[in-house]
Each structure stands twice: as C-alpha cells, then as structure tokens.
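J.: This is the content of data-v8.tsv (TSV, N, CA and C atoms and all ligand atoms):
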chain	number	residue	atom	x	y	z
A	1	MET	N	-45.73	-53.89	74.75
A	1	MET	CA	-44.66	-53.28	73.94
A	1	MET	C	-43.69	-52.53	74.84
A	2	LYS	N	-42.44	-52.64	74.52
A	2	LYS	CA	-41.44	-51.87	75.25
A	2	LYS	C	-41.44	-50.44	74.76
A	3	ARG	N	-41.03	-49.56	75.65
A	3	ARG	CA	-40.85	-48.17	75.23
A	3	ARG	C	-39.41	-47.80	75.50
A	4	TYR	N	-38.93	-46.86	74.73
A	4	TYR	CA	-37.52	-46.50	74.80
A	4	TYR	C	-37.35	-45.00	74.93
A	5	LYS	N	-36.21	-44.64	75.49
A	5	LYS	CA	-35.83	-43.23	75.51
A	5	LYS	C	-34.33	-43.15	75.32
A	6	VAL	N	-33.86	-41.97	75.02
A	6	VAL	CA	-32.43	-41.76	74.86
A	6	VAL	C	-31.90	-41.07	76.11
A	7	ASN	N	-30.85	-41.64	76.65
A	7	ASN	CA	-30.12	-41.00	77.73
A	7	ASN	C	-29.18	-39.98	77.08
A	8	ARG	N	-29.56	-38.72	77.16
A	8	ARG	CA	-28.82	-37.69	76.43
A	8	ARG	C	-27.39	-37.52	76.94
A	9	ASP	N	-27.16	-37.90	78.18
A	9	ASP	CA	-25.78	-37.81	78.70
A	9	ASP	C	-24.89	-38.86	78.05
A	10	LYS	N	-25.48	-39.98	77.65
A	10	LYS	CA	-24.68	-41.05	77.04
A	10	LYS	C	-24.62	-40.92	75.53
A	11	CYS	N	-25.59	-40.26	74.93
A	11	CYS	CA	-25.62	-40.14	73.47
A	11	CYS	C	-24.47	-39.25	73.00
A	12	VAL	N	-23.63	-39.78	72.10
A	12	VAL	CA	-22.51	-39.01	71.57
A	12	VAL	C	-22.84	-38.36	70.23
A	13	GLY	N	-24.08	-38.55	69.78
A	13	GLY	CA	-24.51	-37.90	68.54
A	13	GLY	C	-23.95	-38.52	67.29
A	14	CYS	N	-23.65	-39.80	67.33
A	14	CYS	CA	-23.03	-40.44	66.16
A	14	CYS	C	-24.02	-40.58	65.00
A	15	GLY	N	-25.32	-40.60	65.31
A	15	GLY	CA	-26.32	-40.66	64.25
A	15	GLY	C	-26.62	-42.06	63.74
A	16	THR	N	-25.95	-43.06	64.25
A	16	THR	CA	-26.14	-44.41	63.74
A	16	THR	C	-27.57	-44.89	63.90
A	17	CYS	N	-28.15	-44.66	65.05
A	17	CYS	CA	-29.51	-45.17	65.30
A	17	CYS	C	-30.50	-44.57	64.30
A	18	ALA	N	-30.39	-43.28	64.05
A	18	ALA	CA	-31.30	-42.62	63.12
A	18	ALA	C	-31.06	-43.06	61.68
A	19	ALA	N	-29.80	-43.35	61.35
A	19	ALA	CA	-29.47	-43.81	60.01
A	19	ALA	C	-30.00	-45.22	59.79
A	20	VAL	N	-29.87	-46.05	60.80
A	20	VAL	CA	-30.29	-47.45	60.68
A	20	VAL	C	-31.80	-47.58	60.82
A	21	CYS	N	-32.39	-46.72	61.61
A	21	CYS	CA	-33.79	-46.88	61.97
A	21	CYS	C	-34.53	-45.54	61.88
A	22	PRO	N	-34.65	-44.98	60.68
A	22	PRO	CA	-35.23	-43.63	60.56
A	22	PRO	C	-36.70	-43.54	60.96
A	23	ARG	N	-37.41	-44.66	60.97
A	23	ARG	CA	-38.80	-44.60	61.43
A	23	ARG	C	-38.90	-44.56	62.94
A	24	GLY	N	-37.84	-44.97	63.60
A	24	GLY	CA	-37.88	-45.05	65.06
A	24	GLY	C	-37.11	-43.96	65.78
A	25	MET	N	-36.08	-43.46	65.10
A	25	MET	CA	-35.17	-42.54	65.78
A	25	MET	C	-34.89	-41.35	64.87
A	26	GLU	N	-34.62	-40.19	65.48
A	26	GLU	CA	-34.17	-39.04	64.71
A	26	GLU	C	-33.20	-38.24	65.55
A	27	MET	N	-32.45	-37.38	64.90
A	27	MET	CA	-31.52	-36.51	65.61
A	27	MET	C	-32.21	-35.18	65.85
A	28	ASP	N	-32.00	-34.60	67.03
A	28	ASP	CA	-32.62	-33.31	67.30
A	28	ASP	C	-31.62	-32.18	67.02
A	29	SER	N	-32.02	-30.96	67.29
A	29	SER	CA	-31.18	-29.81	66.93
A	29	SER	C	-29.91	-29.74	67.76
A	30	ASP	N	-29.85	-30.47	68.88
A	30	ASP	CA	-28.63	-30.54	69.67
A	30	ASP	C	-27.74	-31.70	69.24
A	31	ASN	N	-28.12	-32.37	68.14
A	31	ASN	CA	-27.41	-33.54	67.65
A	31	ASN	C	-27.43	-34.69	68.66
A	32	LYS	N	-28.54	-34.78	69.37
A	32	LYS	CA	-28.78	-35.94	70.23
A	32	LYS	C	-29.93	-36.72	69.62
A	33	ALA	N	-29.90	-38.03	69.81
A	33	ALA	CA	-30.95	-38.85	69.24
A	33	ALA	C	-32.22	-38.73	70.07
A	34	ARG	N	-33.35	-38.98	69.40
A	34	ARG	CA	-34.65	-38.92	70.05
A	34	ARG	C	-35.47	-40.07	69.50
A	35	VAL	N	-36.25	-40.67	70.39
A	35	VAL	CA	-37.14	-41.75	69.96
A	35	VAL	C	-38.39	-41.12	69.37
A	36	ILE	N	-38.71	-41.47	68.11
A	36	ILE	CA	-39.96	-40.98	67.55
A	36	ILE	C	-41.02	-42.07	67.53
A	37	SER	N	-40.59	-43.31	67.57
A	37	SER	CA	-41.54	-44.42	67.66
A	37	SER	C	-40.88	-45.59	68.38
A	38	SER	N	-41.38	-45.87	69.56
A	38	SER	CA	-40.83	-47.02	70.30
A	38	SER	C	-41.10	-48.32	69.55
A	39	ALA	N	-42.25	-48.41	68.88
A	39	ALA	CA	-42.58	-49.63	68.15
A	39	ALA	C	-41.58	-49.87	67.02
A	40	ALA	N	-41.27	-48.80	66.30
A	40	ALA	CA	-40.30	-48.93	65.22
A	40	ALA	C	-38.91	-49.20	65.78
A	41	ALA	N	-38.56	-48.53	66.85
A	41	ALA	CA	-37.25	-48.75	67.47
A	41	ALA	C	-37.12	-50.20	67.93
A	42	GLU	N	-38.20	-50.72	68.45
A	42	GLU	CA	-38.22	-52.11	68.89
A	42	GLU	C	-37.93	-53.05	67.72
A	43	GLU	N	-38.59	-52.79	66.60
A	43	GLU	CA	-38.37	-53.63	65.41
A	43	GLU	C	-36.92	-53.55	64.94
A	44	CYS	N	-36.29	-52.41	65.16
A	44	CYS	CA	-34.90	-52.23	64.72
A	44	CYS	C	-33.90	-52.83	65.69
A	45	GLY	N	-34.35	-53.26	66.84
A	45	GLY	CA	-33.43	-53.88	67.79
A	45	GLY	C	-33.39	-53.22	69.16
A	46	GLY	N	-34.15	-52.14	69.33
A	46	GLY	CA	-34.25	-51.51	70.64
A	46	GLY	C	-32.90	-51.03	71.15
A	47	VAL	N	-32.56	-51.40	72.37
A	47	VAL	CA	-31.32	-50.91	72.98
A	47	VAL	C	-30.09	-51.30	72.16
A	48	GLU	N	-30.23	-52.35	71.36
A	48	GLU	CA	-29.10	-52.81	70.55
A	48	GLU	C	-28.73	-51.81	69.45
A	49	LEU	N	-29.64	-50.87	69.16
A	49	LEU	CA	-29.35	-49.87	68.14
A	49	LEU	C	-28.16	-49.01	68.50
A	50	CYS	N	-27.88	-48.87	69.76
A	50	CYS	CA	-26.82	-47.95	70.21
A	50	CYS	C	-25.70	-48.71	70.89
A	51	SER	N	-24.50	-48.56	70.37
A	51	SER	CA	-23.36	-49.24	70.99
A	51	SER	C	-22.81	-48.45	72.17
A	52	TYR	N	-23.38	-47.28	72.45
A	52	TYR	CA	-22.96	-46.49	73.61
A	52	TYR	C	-23.93	-46.65	74.78
A	53	GLU	N	-24.87	-47.54	74.62
A	53	GLU	CA	-25.87	-47.81	75.67
A	53	GLU	C	-26.69	-46.58	76.02
A	54	ALA	N	-26.87	-45.71	75.03
A	54	ALA	CA	-27.64	-44.49	75.29
A	54	ALA	C	-29.15	-44.71	75.13
A	55	ILE	N	-29.54	-45.78	74.42
A	55	ILE	CA	-30.95	-46.08	74.28
A	55	ILE	C	-31.35	-47.02	75.40
A	56	GLU	N	-32.32	-46.58	76.18
A	56	GLU	CA	-32.71	-47.32	77.37
A	56	GLU	C	-34.19	-47.66	77.31
A	57	GLU	N	-34.52	-48.78	77.92
A	57	GLU	CA	-35.93	-49.11	78.07
A	57	GLU	C	-36.53	-48.22	79.16
A	58	VAL	N	-37.75	-47.80	78.93
A	58	VAL	CA	-38.44	-46.95	79.89
A	58	VAL	C	-39.36	-47.83	80.72
A	59	ASN	N	-39.26	-47.73	82.02
A	59	ASN	CA	-40.21	-48.47	82.84
A	59	ASN	C	-41.44	-47.60	83.09
A	60	GLY	N	-42.47	-48.20	83.63
A	60	GLY	CA	-43.75	-47.52	83.75
A	60	GLY	C	-43.70	-46.18	84.44
A	61	ALA	N	-42.86	-46.05	85.46
A	61	ALA	CA	-42.82	-44.83	86.24
A	61	ALA	C	-42.25	-43.67	85.44
A	62	GLU	N	-41.56	-43.97	84.36
A	62	GLU	CA	-40.91	-42.91	83.59
A	62	GLU	C	-41.70	-42.53	82.34
A	63	LEU	N	-42.87	-43.11	82.16
A	63	LEU	CA	-43.58	-42.92	80.90
A	63	LEU	C	-44.00	-41.48	80.66
A	64	ALA	N	-44.00	-40.67	81.69
A	64	ALA	CA	-44.45	-39.29	81.51
A	64	ALA	C	-43.36	-38.40	80.91
A	65	ASP	N	-42.17	-38.93	80.68
A	65	ASP	CA	-41.13	-38.07	80.15
A	65	ASP	C	-41.47	-37.61	78.73
A	66	ASP	N	-40.74	-36.65	78.24
A	66	ASP	CA	-41.14	-36.04	76.97
A	66	ASP	C	-40.19	-36.43	75.83
A	67	ASP	N	-39.47	-37.52	75.98
A	67	ASP	CA	-38.56	-37.92	74.93
A	67	ASP	C	-39.28	-38.39	73.69
A	68	GLU	N	-40.49	-38.86	73.87
A	68	GLU	CA	-41.23	-39.35	72.72
A	68	GLU	C	-42.44	-38.47	72.47
A	69	ARG	N	-42.45	-37.77	71.36
A	69	ARG	CA	-43.55	-36.86	71.08
A	69	ARG	C	-44.20	-37.22	69.77
B	1	LIG	S1	-26.55	-44.63	68.21
B	1	LIG	FE1	-26.51	-44.03	70.39
B	1	LIG	S2	-24.87	-42.49	70.57
B	1	LIG	FE2	-25.38	-42.70	68.38
B	1	LIG	S3	-26.91	-41.06	68.02
B	1	LIG	FE3	-28.03	-42.98	68.50
B	1	LIG	S4	-28.40	-42.87	70.71
B	1	LIG	FE4	-26.79	-41.40	70.24
Turn the structure described in the file into structure tokens.
Ligand code: SF4
T.:
Amino acid sequence: MKRYKVNRDKCVGCGTCAAVCPRGMEMDSDNKARVISSAAAEECGGVELCSYEAIEEVNGAELADDDER
C-alpha cells in the first residue's frame, strides 16, 4: 500500500481533498490538509486529490513523520 503525506508548504488550504475524501483527509487548525488514512486517500486517487501537488507519496525512509496519526 502506498502512504501519503501533505507537503504543508504546497498546501494552499483549499479544502478540496477533505471535501472529496473525508475518510482519507482532513483540515487541521492551521487550515492545512492532513492525511488521516493513506488507504482511504489511495482509494480517492492519492496524489491526484490535490491539483497543487501538495499530496505526496511517502517513501520508506520518511515513514516516521507525524503527518498521519
Ligand atoms: S487539495 Fe491540496 S491544496 Fe487543497 S487542501 Fe488538499 S492538500 Fe491542500
């Protein structure tokens, strides 16, 4: 399974990903998107969810990040 994270520098806070894929994505208190389920995000289209290229695939070395809780 692929895993995803949000590049907060690229996220403009449009909310589209969370609106389209509420099981996979949510907006945080800074109005940046956050991955809540990579599996759900994958079903919704993964990186294609964001037209700003803010949703990125996470490679193995980055799995320790805290974007997904
Ligand atoms: S669709 Fe992209 S820019 Fe919009 S909130 Fe989601 S991650 Fe951020």
J.: Each residue of chain A with at least one atom at most 7 Å from ligand LIG 1 (chain B) should appear once, together with its nearest atom pair and the corresponding distance in Å (one decimal); atoms considered: only C-alpha atoms and all ligand atoms; ordering: chain, then increasing residue number; output as JSON lines.
T.:
{"residue": "A:Val6", "atom": "CA", "partner": "B:LIG1", "partner_atom": "S4", "distance": 5.9}
{"residue": "A:Lys10", "atom": "CA", "partner": "B:LIG1", "partner_atom": "S2", "distance": 6.6}
{"residue": "A:Cys11", "atom": "CA", "partner": "B:LIG1", "partner_atom": "FE4", "distance": 3.7}
{"residue": "A:Val12", "atom": "CA", "partner": "B:LIG1", "partner_atom": "S2", "distance": 4.3}
{"residue": "A:Gly13", "atom": "CA", "partner": "B:LIG1", "partner_atom": "S3", "distance": 4.0}
{"residue": "A:Cys14", "atom": "CA", "partner": "B:LIG1", "partner_atom": "FE2", "distance": 3.9}
{"residue": "A:Gly15", "atom": "CA", "partner": "B:LIG1", "partner_atom": "S3", "distance": 3.8}
{"residue": "A:Thr16", "atom": "CA", "partner": "B:LIG1", "partner_atom": "S1", "distance": 4.5}
{"residue": "A:Cys17", "atom": "CA", "partner": "B:LIG1", "partner_atom": "FE3", "distance": 4.2}
{"residue": "A:Ala18", "atom": "CA", "partner": "B:LIG1", "partner_atom": "FE3", "distance": 6.3}
{"residue": "A:Met27", "atom": "CA", "partner": "B:LIG1", "partner_atom": "S3", "distance": 6.9}
{"residue": "A:Lys32", "atom": "CA", "partner": "B:LIG1", "partner_atom": "FE4", "distance": 5.8}
{"residue": "A:Ala33", "atom": "CA", "partner": "B:LIG1", "partner_atom": "S3", "distance": 4.8}
{"residue": "A:Leu49", "atom": "CA", "partner": "B:LIG1", "partner_atom": "S1", "distance": 5.9}
{"residue": "A:Cys50", "atom": "CA", "partner": "B:LIG1", "partner_atom": "S1", "distance": 3.9}
{"residue": "A:Ser51", "atom": "CA", "partner": "B:LIG1", "partner_atom": "FE1", "distance": 6.1}
{"residue": "A:Tyr52", "atom": "CA", "partner": "B:LIG1", "partner_atom": "S2", "distance": 5.4}
{"residue": "A:Glu53", "atom": "CA", "partner": "B:LIG1", "partner_atom": "FE1", "distance": 6.5}
{"residue": "A:Ala54", "atom": "CA", "partner": "B:LIG1", "partner_atom": "S4", "distance": 4.9}
{"residue": "A:Ile55", "atom": "CA", "partner": "B:LIG1", "partner_atom": "S4", "distance": 5.4}
J.: Name the residues of range 15-52 of chain A that come out as strand (DSSP E or B) in a backbone DSSP run; write them as a list in words.
T.: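 Everything in range 15-52 of chain A that counts as strand (DSSP E or B) is Met25, Glu26, Met27, Ala33, Arg34 and Val35 of chain A.
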J.: Next, dump the selected residues to file, keeping only N, CA and C atoms, as a compact mmCIF listing (two decimals), in the frame of the given file.
T.:
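Result went into selection_34.txt, see below:
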# COMPACT_ATOMS: atom_id res chain seq x y z
N MET A 25 -36.08 -43.46 65.10
CA MET A 25 -35.17 -42.54 65.78
C MET A 25 -34.89 -41.35 64.87
N GLU A 26 -34.62 -40.19 65.48
CA GLU A 26 -34.17 -39.04 64.71
C GLU A 26 -33.20 -38.24 65.55
N MET A 27 -32.45 -37.38 64.90
CA MET A 27 -31.52 -36.51 65.61
C MET A 27 -32.21 -35.18 65.85
N ALA A 33 -29.90 -38.03 69.81
CA ALA A 33 -30.95 -38.85 69.24
C ALA A 33 -32.22 -38.73 70.07
N ARG A 34 -33.35 -38.98 69.40
CA ARG A 34 -34.65 -38.92 70.05
C ARG A 34 -35.47 -40.07 69.50
N VAL A 35 -36.25 -40.67 70.39
CA VAL A 35 -37.14 -41.75 69.96
C VAL A 35 -38.39 -41.12 69.37
J.: Starting from 4 Å padding per side, set up an axis-aligned box that covers all listed atoms of range 13-23 of chain A and hand over centre and edge lengths in Å, one decimal, as lines of an AutoDock Vina configuration file.
T.:
center_x = -31.0
center_y = -42.7
center_z = 64.8
size_x = 23.9
size_y = 17.7
size_z = 18.0
J.: For Asn7 in chain A, which residue among A:Glu48, A:Glu56, A:Glu43, A:Asp28 is the nearest when counting only C-alpha atoms?
T.: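 Of the candidates, the smallest distance to Asn7 in chain A is held by A:Glu56.
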J.: Calculate how many Å separate CA of Lys2 in chain A from atom C of Asp30 in chain A, rounding to one decimal.
T.: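 These atoms are spaced 25.1 Å apart.
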J.: Report, in Å to a single decimal, how far apart CA of Val20 in chain A and CA of Glu57 in chain A are.
T.: 18.4 Å
J.: The residues within 12 Å of (-36.6, -46.6, 59.8), using only C-alpha atoms and the coordinates of the file, should be reported as number ranges by chain; which are they?
T.: A: 16-26, 35-45, 49
J.: For N, CA and C atoms, I'd like the residues from the last selection saved as a compact mmCIF listing (two decimals), in the frame of the given file.
T.:
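Dumped to out06.txt:
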# COMPACT_ATOMS: atom_id res chain seq x y z
N THR A 16 -25.95 -43.06 64.25
CA THR A 16 -26.14 -44.41 63.74
C THR A 16 -27.57 -44.89 63.90
N CYS A 17 -28.15 -44.66 65.05
CA CYS A 17 -29.51 -45.17 65.30
C CYS A 17 -30.50 -44.57 64.30
N ALA A 18 -30.39 -43.28 64.05
CA ALA A 18 -31.30 -42.62 63.12
C ALA A 18 -31.06 -43.06 61.68
N ALA A 19 -29.80 -43.35 61.35
CA ALA A 19 -29.47 -43.81 60.01
C ALA A 19 -30.00 -45.22 59.79
N VAL A 20 -29.87 -46.05 60.80
CA VAL A 20 -30.29 -47.45 60.68
C VAL A 20 -31.80 -47.58 60.82
N CYS A 21 -32.39 -46.72 61.61
CA CYS A 21 -33.79 -46.88 61.97
C CYS A 21 -34.53 -45.54 61.88
N PRO A 22 -34.65 -44.98 60.68
CA PRO A 22 -35.23 -43.63 60.56
C PRO A 22 -36.70 -43.54 60.96
N ARG A 23 -37.41 -44.66 60.97
CA ARG A 23 -38.80 -44.60 61.43
C ARG A 23 -38.90 -44.56 62.94
N GLY A 24 -37.84 -44.97 63.60
CA GLY A 24 -37.88 -45.05 65.06
C GLY A 24 -37.11 -43.96 65.78
N MET A 25 -36.08 -43.46 65.10
CA MET A 25 -35.17 -42.54 65.78
C MET A 25 -34.89 -41.35 64.87
N GLU A 26 -34.62 -40.19 65.48
CA GLU A 26 -34.17 -39.04 64.71
C GLU A 26 -33.20 -38.24 65.55
N VAL A 35 -36.25 -40.67 70.39
CA VAL A 35 -37.14 -41.75 69.96
C VAL A 35 -38.39 -41.12 69.37
N ILE A 36 -38.71 -41.47 68.11
CA ILE A 36 -39.96 -40.98 67.55
C ILE A 36 -41.02 -42.07 67.53
N SER A 37 -40.59 -43.31 67.57
CA SER A 37 -41.54 -44.42 67.66
C SER A 37 -40.88 -45.59 68.38
N SER A 38 -41.38 -45.87 69.56
CA SER A 38 -40.83 -47.02 70.30
C SER A 38 -41.10 -48.32 69.55
N ALA A 39 -42.25 -48.41 68.88
CA ALA A 39 -42.58 -49.63 68.15
C ALA A 39 -41.58 -49.87 67.02
N ALA A 40 -41.27 -48.80 66.30
CA ALA A 40 -40.30 -48.93 65.22
C ALA A 40 -38.91 -49.20 65.78
N ALA A 41 -38.56 -48.53 66.85
CA ALA A 41 -37.25 -48.75 67.47
C ALA A 41 -37.12 -50.20 67.93
N GLU A 42 -38.20 -50.72 68.45
CA GLU A 42 -38.22 -52.11 68.89
C GLU A 42 -37.93 -53.05 67.72
N GLU A 43 -38.59 -52.79 66.60
CA GLU A 43 -38.37 -53.63 65.41
C GLU A 43 -36.92 -53.55 64.94
N CYS A 44 -36.29 -52.41 65.16
CA CYS A 44 -34.90 -52.23 64.72
C CYS A 44 -33.90 -52.83 65.69
N GLY A 45 -34.35 -53.26 66.84
CA GLY A 45 -33.43 -53.88 67.79
C GLY A 45 -33.39 -53.22 69.16
N LEU A 49 -29.64 -50.87 69.16
CA LEU A 49 -29.35 -49.87 68.14
C LEU A 49 -28.16 -49.01 68.50
J.: At what distance in Å, to one decimal, does atom C of Lys5 in chain A lie from atom C of Asn31 in chain A?
T.: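 Interatomic distance, atom C of Asn31 in chain A to atom C of Lys5 in chain A: 12.8 Å.
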J.: Which parts of chain A does DSSP call alpha helix (DSSP H) when run on the backbone here, written out as a list of chain:residue names?
T.: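 Filtering chain A down to alpha helix (DSSP H) leaves A:Thr16, A:Cys17, A:Ala18, A:Ala19, A:Val20, A:Ser38, A:Ala39, A:Ala40, A:Ala41, A:Glu42, A:Glu43, A:Cys44.
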